[in-house]
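So the structure is just underneath, and the comments pick up after that.
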Amino acid sequence: MSNHKPRRRLWLIVLILCLLLFLGALGLLVYYLWPTSAPIVPVPDFAPTATDTADPNPTGGTSTTQALIDNPIDFAAKQAENPHIVAWIQIPGTVIDYPIMQSGNDVPENFYLDHGPNRKANRNGSIYIQQINRADFTHPNTVLYGHNMANGSMFAAIRQYRKTSFFNKNQYIYIYTPGHILTYHVYSAFIYDNRHILNSFNFMDPEEYGAFLEQTLNPASMSRQVRKGVEVTTDDRIITLSTCTGNSWERYLVEGVLISDQPTK
């Protein structure tokens with residue numbers, strides 16, 4: 001009879017370990033599939049008149065014949081404060097309404113990873129692009145970096161695209177540059193690995209660009225959203241919004257394809 005007690009204890013320990021492993025796996029599944037929350041704010045006054053669900057350019061492609069309108073961002077004033085302000089990003093339905101920085105030769109490449117637009121040290125950092133990309137967003141793929149802040153600021157809000165209802169409703173990203181309003185249609189959002197995208201693909205090579213587009217249109221991630229019916233080819237220009245997930249080996253990406261280029265005064 002005494003031999004049965006150690007066996008019972010052993011089986012009890014095994015059962016407890018199995019239960020803990022199951023709960024841990026369940027927790028990871030919930031972490032990847034359940035959307036984080038970030039504050040929602042009204043669209044600022046200078047947003048384009050197009051709604052979140054309407055196509056701002058129903059004929060497709062980029063617009064080159066539209067009449068000149070005022071640019072809602074006073075880049076002359078902004079760049080007088082800091083010439084590293086090269087653009088502005090706004091995503092209606094989120095808190096994202098920030099200048100886009102690009103370091104010059106006077107500061108390190110990733111200076112704005114931990115500095116604000118005023119050049120002062122700031123743990124929130126800034127939204128920024130690297131020097132390999134063009135400041136006018138004419139590169140085939142412009143990659144924007146921003147922190148996933150616990151307070152919901154910076155690029156924390158893009159992780160809301162994990163939720164189907166949010167992905168379906170909030171379809172457009174607006175990039176303002178000196179002389180242009182660029183409208184991008186969000187077509188994909190997913191978890192990716194932590195590779196340096198711009199160093200991993202030569203986007204001037206159609207074959208390599210096409211390989212990256214294929215990954216965005218058919219992500220391998222379990223946590224993914226892809227918009228049906230949206231075609232993206234190597235003739236298009238895209239943006240990639242990148243933020244961390246809490247795991248050092250992965251990033252969360254949101255992909256948008258340029259559908260309208262509105263000249264401004």
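If you're wondering about the labels, chains in the structure tokens are A, B, ... by order shown, residues count from 1 in each chain, ligands from 1 in order shown.
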
Item checked: region 130-140 of chain A environment, 9 Å, only C-alpha atoms, sequence neighbours closer than 5 positions dropped, as a PyMOL selection string -> chain A and resi 86-87+101-104+109-110+145+175+177-178+180+182+198+203-204+209+234-239

Check: DSSP says strand (DSSP E or B) for which residues of region 20-257 of chain A? Put them as number ranges by chain?
Finding: A: 69, 85-90, 97-101, 115, 121, 127-128, 141-145, 148, 154, 172-177, 180-193, 224-226, 238-244, 250-257

Checklist line | Polymer residues at most 9 Å from Phe167 (chain A), only C-alpha atoms, same-chain spacing of 4 or more positions, as JSON, numbers by chain | finding: {"A": [160, 161, 162, 163, 171, 186, 187, 188, 189, 225, 226, 227]}

Next item on the list: Please provide the set of residues having any atom within 6 Å of region 241-244 of chain A, restricted to only C-alpha atoms, with same-chain residues fewer than 5 positions apart removed, written as a PyMOL selection string.
Entry: chain A and resi 143-148+251-254

Checklist line | Expected answer as a ChimeraX atom specification: alpha helix (DSSP H) residues in region 12-260 of chain A | finding: /A:12-33,75-81,164-169,197-200,206-217

Any chance you could export the current selection's C-alpha atoms as a compact mmCIF listing (two decimals), in the first residue's frame?
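The file below, out-v2.txt, is the result:
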# COMPACT_ATOMS: atom_id res chain seq x y z
CA LEU A 12 -0.56 14.75 -9.09
CA ILE A 13 2.62 16.70 -9.86
CA VAL A 14 2.45 15.72 -13.54
CA LEU A 15 -1.22 16.75 -13.67
CA ILE A 16 -0.43 20.14 -12.10
CA LEU A 17 2.45 20.75 -14.56
CA CYS A 18 0.21 19.87 -17.51
CA LEU A 19 -2.44 22.25 -16.21
CA LEU A 20 0.11 25.04 -15.83
CA LEU A 21 1.42 24.45 -19.38
CA PHE A 22 -2.14 24.54 -20.73
CA LEU A 23 -2.91 27.79 -18.91
CA GLY A 24 0.36 29.30 -20.15
CA ALA A 25 -0.41 28.36 -23.76
CA LEU A 26 -3.93 29.73 -23.39
CA GLY A 27 -2.53 32.98 -22.02
CA LEU A 28 -0.16 33.36 -24.99
CA LEU A 29 -3.02 32.72 -27.42
CA VAL A 30 -5.12 35.40 -25.77
CA TYR A 31 -2.14 37.79 -25.80
CA TYR A 32 -1.65 37.43 -29.55
CA LEU A 33 -5.30 37.43 -30.59
CA PHE A 75 5.92 73.07 -42.70
CA ALA A 76 7.80 76.35 -42.95
CA ALA A 77 7.00 77.08 -39.30
CA LYS A 78 7.58 73.49 -38.18
CA GLN A 79 10.91 73.19 -39.95
CA ALA A 80 12.03 76.54 -38.56
CA GLU A 81 11.69 74.88 -35.15
CA THR A 164 -11.44 42.93 -37.45
CA SER A 165 -14.01 45.63 -36.73
CA PHE A 166 -11.30 48.28 -36.33
CA PHE A 167 -9.45 47.06 -39.43
CA ASN A 168 -12.64 47.25 -41.49
CA LYS A 169 -13.61 50.72 -40.28
CA ILE A 197 13.18 45.48 -43.38
CA LEU A 198 15.06 48.13 -45.36
CA ASN A 199 18.33 46.21 -45.00
CA SER A 200 16.69 42.86 -45.79
CA PRO A 206 11.14 44.47 -58.50
CA GLU A 207 11.78 40.83 -57.61
CA GLU A 208 12.75 41.58 -54.02
CA TYR A 209 10.00 44.17 -53.67
CA GLY A 210 7.53 41.61 -54.97
CA ALA A 211 8.75 39.07 -52.44
CA PHE A 212 8.04 41.51 -49.60
CA LEU A 213 4.62 42.39 -51.00
CA GLU A 214 3.75 38.70 -51.12
CA GLN A 215 4.54 38.45 -47.41
CA THR A 216 2.27 41.39 -46.67
CA LEU A 217 -0.58 40.01 -48.76
